[in-house]
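Q: Compact mmCIF, C-alpha atoms, file final.txt:
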```
# COMPACT_ATOMS: atom_id res chain seq x y z
CA MET A 1 -81.97 -21.43 -84.22
CA ALA A 2 -85.05 -19.86 -82.69
CA PHE A 3 -86.42 -16.59 -81.38
CA THR A 4 -88.63 -16.54 -78.30
CA ASP A 5 -91.40 -13.99 -77.88
CA THR A 6 -93.47 -12.65 -75.01
CA GLY A 7 -95.51 -15.83 -75.05
CA ALA A 8 -92.48 -17.47 -73.45
CA GLY A 9 -92.12 -14.61 -70.94
CA ASN A 10 -89.22 -12.43 -69.91
CA LEU A 11 -85.82 -14.17 -69.87
CA ALA A 12 -83.72 -11.37 -68.34
CA LEU A 13 -82.58 -11.16 -64.74
CA HIS A 14 -81.71 -7.44 -64.87
CA VAL A 15 -85.13 -5.88 -65.50
CA GLY A 16 -86.70 -6.17 -62.04
CA ASP A 17 -88.50 -9.47 -62.66
CA ASP A 18 -88.72 -12.19 -60.02
CA ALA A 19 -85.47 -14.17 -60.37
CA PRO A 20 -86.91 -17.65 -59.60
CA SER A 21 -89.65 -17.04 -62.19
CA VAL A 22 -87.05 -16.03 -64.80
CA MET A 23 -84.96 -19.12 -64.09
CA HIS A 24 -88.08 -21.29 -64.36
CA ARG A 25 -88.84 -19.77 -67.79
CA ARG A 26 -85.29 -20.46 -68.90
CA GLU A 27 -85.57 -24.07 -67.79
CA GLU A 28 -88.90 -24.43 -69.60
CA LEU A 29 -87.28 -22.99 -72.72
CA GLU A 30 -84.43 -25.50 -72.52
CA ARG A 31 -86.90 -28.35 -72.20
CA ALA A 32 -88.91 -27.04 -75.14
CA ALA A 33 -85.74 -26.80 -77.25
CA GLY A 34 -84.86 -30.38 -76.32
CA ILE A 35 -81.45 -29.53 -74.87
CA ALA A 36 -82.07 -30.22 -71.16
CA PRO A 37 -80.16 -30.91 -68.95
CA ARG A 38 -77.83 -28.65 -70.92
CA ARG A 39 -78.37 -24.94 -70.39
CA PHE A 40 -78.33 -21.96 -72.72
CA GLN A 41 -75.29 -19.77 -72.15
CA TYR A 42 -76.20 -16.11 -71.63
CA MET A 43 -73.82 -13.14 -71.52
CA ASN A 44 -73.58 -9.81 -69.74
CA GLN A 45 -74.32 -7.48 -72.66
CA VAL A 46 -72.76 -4.01 -72.57
CA HIS A 47 -73.25 -2.52 -76.08
CA GLY A 48 -69.60 -3.05 -77.01
CA ASN A 49 -67.75 -5.04 -79.64
CA HIS A 50 -66.11 -7.81 -77.64
CA VAL A 51 -66.57 -11.38 -78.90
CA SER A 52 -66.12 -14.16 -76.36
CA VAL A 53 -65.18 -17.71 -77.40
CA ILE A 54 -66.65 -20.02 -74.79
CA GLU A 55 -66.68 -23.70 -73.99
CA ALA A 56 -68.14 -25.82 -71.19
CA GLY A 57 -67.48 -24.53 -67.69
CA CYS A 58 -67.19 -20.87 -68.64
CA GLU A 59 -68.89 -18.19 -66.57
CA ALA A 60 -71.21 -15.77 -68.33
CA PRO A 61 -68.86 -13.47 -70.25
CA THR A 62 -69.13 -9.70 -70.42
CA ALA A 63 -69.46 -9.40 -74.17
CA ASP A 64 -71.88 -8.65 -76.99
CA ALA A 65 -71.17 -11.77 -79.02
CA MET A 66 -70.36 -15.38 -78.20
CA VAL A 67 -68.89 -18.14 -80.33
CA SER A 68 -68.87 -21.82 -79.37
CA SER A 69 -68.58 -25.25 -80.93
CA SER A 70 -70.13 -27.01 -77.94
CA LEU A 71 -72.58 -24.82 -75.99
CA PRO A 72 -76.16 -23.69 -76.69
CA LEU A 73 -76.10 -19.88 -76.89
CA ALA A 74 -78.59 -17.10 -76.10
CA VAL A 75 -78.66 -13.36 -76.81
CA MET A 76 -81.33 -11.17 -75.17
CA VAL A 77 -82.93 -8.11 -76.75
CA ALA A 78 -85.95 -5.81 -76.73
CA ASP A 79 -85.29 -3.70 -79.87
CA CYS A 80 -81.65 -4.47 -80.75
CA ILE A 81 -81.04 -7.22 -83.30
CA PRO A 82 -80.61 -10.76 -81.97
CA LEU A 83 -78.28 -12.11 -84.63
CA VAL A 84 -77.75 -15.87 -84.82
CA LEU A 85 -74.87 -17.30 -86.87
CA VAL A 86 -74.24 -20.93 -87.78
CA GLY A 87 -71.23 -22.26 -89.66
CA ALA A 88 -70.04 -25.70 -90.69
CA GLY A 89 -67.12 -26.96 -88.66
CA ALA A 90 -65.35 -30.14 -87.62
CA PRO A 91 -66.45 -32.26 -85.91
CA GLY A 92 -69.66 -30.21 -85.61
CA PRO A 93 -71.15 -26.78 -86.28
CA VAL A 94 -69.72 -23.54 -84.94
CA LEU A 95 -72.40 -21.32 -83.39
CA GLY A 96 -72.50 -17.59 -82.79
CA VAL A 97 -74.91 -15.08 -81.30
CA VAL A 98 -74.59 -11.30 -81.48
CA HIS A 99 -76.26 -8.46 -79.58
CA ALA A 100 -76.38 -6.03 -82.49
CA GLY A 101 -77.59 -2.66 -81.28
CA ARG A 102 -76.64 0.78 -82.52
CA PRO A 103 -73.31 0.99 -80.61
CA GLY A 104 -72.33 -2.57 -81.52
CA ILE A 105 -73.09 -2.21 -85.20
CA SER A 106 -71.19 1.09 -85.28
CA ALA A 107 -68.23 -0.59 -83.56
CA GLY A 108 -68.18 -3.60 -85.91
CA ILE A 109 -69.45 -6.33 -83.59
CA ILE A 110 -70.93 -8.28 -86.53
CA PRO A 111 -67.78 -8.62 -88.69
CA ALA A 112 -65.78 -9.26 -85.50
CA ALA A 113 -68.06 -12.20 -84.63
CA VAL A 114 -67.81 -13.63 -88.14
CA GLU A 115 -64.03 -13.30 -88.06
CA GLN A 116 -63.89 -15.13 -84.72
CA MET A 117 -66.12 -17.91 -86.03
CA ARG A 118 -63.86 -18.40 -89.04
CA ALA A 119 -60.84 -18.46 -86.74
CA ALA A 120 -62.62 -21.26 -84.87
CA GLY A 121 -62.90 -23.24 -88.11
CA ALA A 122 -66.36 -22.21 -89.33
CA ALA A 123 -67.15 -22.32 -93.04
CA ASP A 124 -70.33 -21.55 -94.99
CA ILE A 125 -71.61 -19.25 -92.23
CA ARG A 126 -75.26 -18.23 -92.46
CA ALA A 127 -77.20 -15.59 -90.54
CA TRP A 128 -80.63 -15.16 -88.99
CA LEU A 129 -81.65 -11.59 -88.11
CA GLY A 130 -84.24 -11.73 -85.36
CA PRO A 131 -86.99 -9.21 -84.62
CA SER A 132 -85.77 -5.66 -83.92
CA VAL A 133 -86.90 -2.07 -84.24
CA CYS A 134 -87.05 -1.08 -87.91
CA GLY A 135 -85.96 2.04 -89.76
CA ARG A 136 -89.55 3.27 -90.02
CA CYS A 137 -89.73 3.43 -86.21
CA TYR A 138 -86.24 4.01 -84.79
CA GLU A 139 -86.25 7.79 -84.53
CA VAL A 140 -82.94 9.42 -83.53
CA PRO A 141 -81.48 12.94 -83.56
CA ALA A 142 -80.12 14.03 -86.93
CA GLU A 143 -76.61 14.28 -85.46
CA LEU A 144 -76.71 10.67 -84.29
CA ARG A 145 -77.99 9.45 -87.66
CA ALA A 146 -75.10 11.24 -89.37
CA GLU A 147 -72.58 9.83 -86.90
CA VAL A 148 -73.69 6.22 -87.39
CA ALA A 149 -74.14 6.56 -91.16
CA ALA A 150 -70.59 7.87 -91.47
CA VAL A 151 -69.48 4.38 -90.38
CA VAL A 152 -72.42 2.30 -91.69
CA PRO A 153 -73.98 4.23 -94.62
CA SER A 154 -76.80 1.74 -95.15
CA ALA A 155 -78.19 2.53 -91.68
CA TRP A 156 -79.30 6.03 -92.80
CA SER A 157 -83.08 6.18 -92.83
CA ASP A 158 -86.23 8.21 -92.16
CA THR A 159 -89.18 7.31 -89.98
CA ALA A 160 -92.62 6.71 -91.40
CA TRP A 161 -93.45 10.28 -90.34
CA GLY A 162 -90.41 11.82 -92.03
CA THR A 163 -87.91 12.39 -89.18
CA PRO A 164 -84.31 11.11 -88.96
CA SER A 165 -83.95 7.44 -88.07
CA LEU A 166 -81.57 4.51 -88.21
CA ASP A 167 -82.25 1.25 -90.02
CA LEU A 168 -80.21 -1.21 -87.97
CA PRO A 169 -81.38 -4.30 -89.90
CA ALA A 170 -80.18 -2.67 -93.14
CA GLY A 171 -76.87 -1.81 -91.49
CA ALA A 172 -76.46 -5.36 -90.21
CA ALA A 173 -77.34 -6.80 -93.61
CA SER A 174 -74.71 -4.66 -95.32
CA GLN A 175 -72.05 -5.75 -92.84
CA LEU A 176 -72.95 -9.40 -93.32
CA GLU A 177 -72.82 -8.97 -97.09
CA SER A 178 -69.40 -7.36 -96.82
CA VAL A 179 -68.01 -10.46 -95.09
CA GLY A 180 -69.78 -12.93 -97.39
CA VAL A 181 -72.48 -14.20 -95.02
CA PRO A 182 -75.95 -14.80 -96.54
CA ILE A 183 -79.10 -14.05 -94.54
CA GLU A 184 -81.63 -16.85 -94.12
CA TYR A 185 -84.26 -14.93 -92.13
CA ARG A 186 -85.24 -11.35 -91.22
CA GLY A 187 -87.61 -10.79 -88.33
CA PRO A 188 -90.40 -8.23 -87.93
CA CYS A 189 -90.26 -4.88 -86.15
CA THR A 190 -90.48 -5.15 -82.37
CA LEU A 191 -92.15 -1.75 -81.98
CA GLU A 192 -94.83 -2.59 -84.54
CA ASN A 193 -95.55 -6.01 -83.03
CA ASN A 194 -97.24 -6.04 -79.61
CA ALA A 195 -96.37 -9.73 -79.20
CA LEU A 196 -92.70 -8.77 -78.83
CA PHE A 197 -90.91 -6.87 -76.09
CA SER A 198 -89.88 -3.36 -77.14
CA TYR A 199 -87.88 -0.97 -74.97
CA ARG A 200 -88.97 1.90 -77.20
CA ARG A 201 -92.62 1.07 -76.52
CA ASP A 202 -92.10 0.64 -72.76
CA THR A 203 -88.81 1.13 -70.92
CA ARG A 204 -90.08 -1.21 -68.20
CA THR A 205 -90.17 -4.31 -70.33
CA GLY A 206 -88.71 -7.80 -70.52
CA ARG A 207 -86.29 -9.39 -72.95
CA PHE A 208 -86.75 -12.17 -75.47
CA ALA A 209 -83.89 -14.19 -76.90
CA GLY A 210 -82.20 -15.36 -80.06
CA LEU A 211 -81.02 -18.95 -79.56
CA ALA A 212 -78.52 -21.25 -81.24
CA TRP A 213 -78.00 -24.90 -80.36
CA THR A 214 -77.26 -28.37 -81.68
CA HIS A 215 -78.75 -31.68 -80.60
CA ASP A 216 -75.38 -33.46 -80.52
```
Can you present the structure in this file as structure tokens?
A:
Amino acid sequence: MAFTDTGAGNLALHVGDDAPSVMHRREELERAAGIAPRRFQYMNQVHGNHVSVIEAGCEAPTADAMVSSSLPLAVMVADCIPLVLVGAGAPGPVLGVVHAGRPGISAGIIPAAVEQMRAAGAADIRAWLGPSVCGRCYEVPAELRAEVAAVVPSAWSDTAWGTPSLDLPAGAASQLESVGVPIEYRGPCTLENNALFSYRRDTRTGRFAGLAWTHD
């Protein structure tokens, strides 16, 4: 498990960056992780709740979570939560990554990913919540806060300056607790940390990644 930051550069192909440069960064990342010539599997993220179970030879799925017992996985973000899940399996670990933004958390992408991992034989699943915008910073209209909190009450929050906000990390933590998954790590706020990409800080920004892999 790891989380890249802007020191590693943008990893997304959909933000107007030079494609060969992005692919070079991805290859450098794979070498740094010690998985080359294997490649991290990325997905086409759409802010939904579909979980894709993938194995070798699969094309990039259109999904917001992936589960695999054989492939290194990557989830890209710039304020949403990059959630990494690892569970014990046989013969080896079962891995999961989740793009946990406001729509996905509201739609239950996190419990859906955990359920799919358990269906794939995972036990003793643990979670790493990567850097994301925090409740002190994620200002939203009052109507939107009420809508999300009606489904995920723990996401209700206020900004540091007293306006309505959503605390997505708190919402994700409550969903993980509800399905019996302990959290090993919680990352900092992307908006408060200039070393991390943040869409709220600058809509023309790159993406960093949450990564899950084995060395088998």
Q: For each of A:Leu176, A:Ala127, A:Val94, A:Ala78, take the minimum atom-to-atom distance to Arg201 (chain A), counting all atoms listed in the file, then give the residue where this is smallest.
A: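 Closest to Arg201 (chain A), using all atoms listed in the file: A:Ala78.
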Q: Kindly give the distance, in Å, that separates CA of Arg207 (chain A) and CA of Val77 (chain A), rounded to a single decimal.
A: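 One can read the CA of Arg207 (chain A) to CA of Val77 (chain A) distance as 5.2 Å.
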Q: Considering all atoms listed in the file, return as number ranges by chain whatever protein or nucleic-acid residues lie within 8 Å of region 57-68 of chain A, sequence-local ones (same chain, fewer than 5 positions apart) excluded.
A: A: 41-52, 73, 75, 94-100, 104, 109, 113, 116-117
Q: Using all atoms listed in the file, determine which residues lie at most 12 Å from region 147-157 of chain A, disregarding the query and same-chain residues fewer than 6 positions distant; provide the list as a ChimeraX atom specification.
A: /A:101-108,110,134-141,163-178
Q: Hey, which of A:Leu29, A:Ala112, A:Ala56, A:Ala90 ends up closest to Leu71 (chain A)? Count only C-alpha atoms.
A: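 Of all the options, A:Ala56 lies closest to Leu71 (chain A).
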Q: Can you work out the spacing between CA of Pro72 (chain A) and CA of Ala212 (chain A) in Å, to one decimal?
A: 5.7 Å
Q: Work out how far CA of Gly9 (chain A) is from CA of Arg31 (chain A), in Å to one decimal.
A: 14.8 Å
Q: Mind dumping a table of every region 69-165 of chain A residue within 6 Å of region 180-184 of chain A, with the nearest atom pair and its distance in Å to one decimal, using only C-alpha atoms, sorted by chain and rising number, as a tab-separated table?
A:
```
residue	atom	partner	partner_atom	distance
A:Ile125	CA	A:Val181	CA	5.8
A:Arg126	CA	A:Pro182	CA	5.4
A:Ala127	CA	A:Ile183	CA	4.7
A:Trp128	CA	A:Glu184	CA	5.5
```
Q: Calculated over only C-alpha atoms, which of the candidates A:Ala146, A:Leu129, A:Leu211, A:Val179 has the smallest distance to Cys80 (chain A)?
A: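 Among the listed residues, the smallest separation from Cys80 (chain A) belongs to A:Leu129.
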Q: Using only C-alpha atoms, which protein or nucleic acid residues come within 9 Å of Pro131 (chain A)? Drop anything in the same chain fewer than 4 positions from it, and give the result as a list in words.
A: Phe3, Val77, Ala78, Asp79, Cys80, Ile81, Pro82, Arg186, Gly187, Pro188, Cys189, Thr190 and Leu196 of chain A
Q: Counting all atoms listed in the file, which of A:Val133, A:Ala209, A:Ala32, A:Leu191 gets nearest to Asn10 (chain A)?
A: A:Ala209
Q: Let me have the centre and edge lengths of the axis-aligned box enclosing all listed atoms of region 149-155 of chain A with 5 Å padding on every side, in Å to one decimal, as lines of an AutoDock Vina configuration file.
A:
```
center_x = -73.8
center_y = 4.8
center_z = -92.8
size_x = 18.7
size_y = 16.1
size_z = 14.8
```
Q: Could you name the residues that touch Glu27 (chain A) at 12 Å or less, counting all atoms listed in the file, but leaving out those on the same chain fewer than 2 positions away, as a PyMOL selection string?
A: chain A and resi 8-9+11+20-25+29-41
Q: For each of A:Arg145, A:Glu55, A:Trp213, A:Glu115, take the minimum atom-to-atom distance to Val84 (chain A), counting all atoms listed in the file, then give the residue where this is smallest.
A: A:Trp213
Q: Could you check which of A:His215, A:Gly206, A:Asn193, A:Trp161 is closest to Asp17 (chain A), using all atoms listed in the file?
A: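 Of the candidates, the smallest distance to Asp17 (chain A) is held by A:Gly206.
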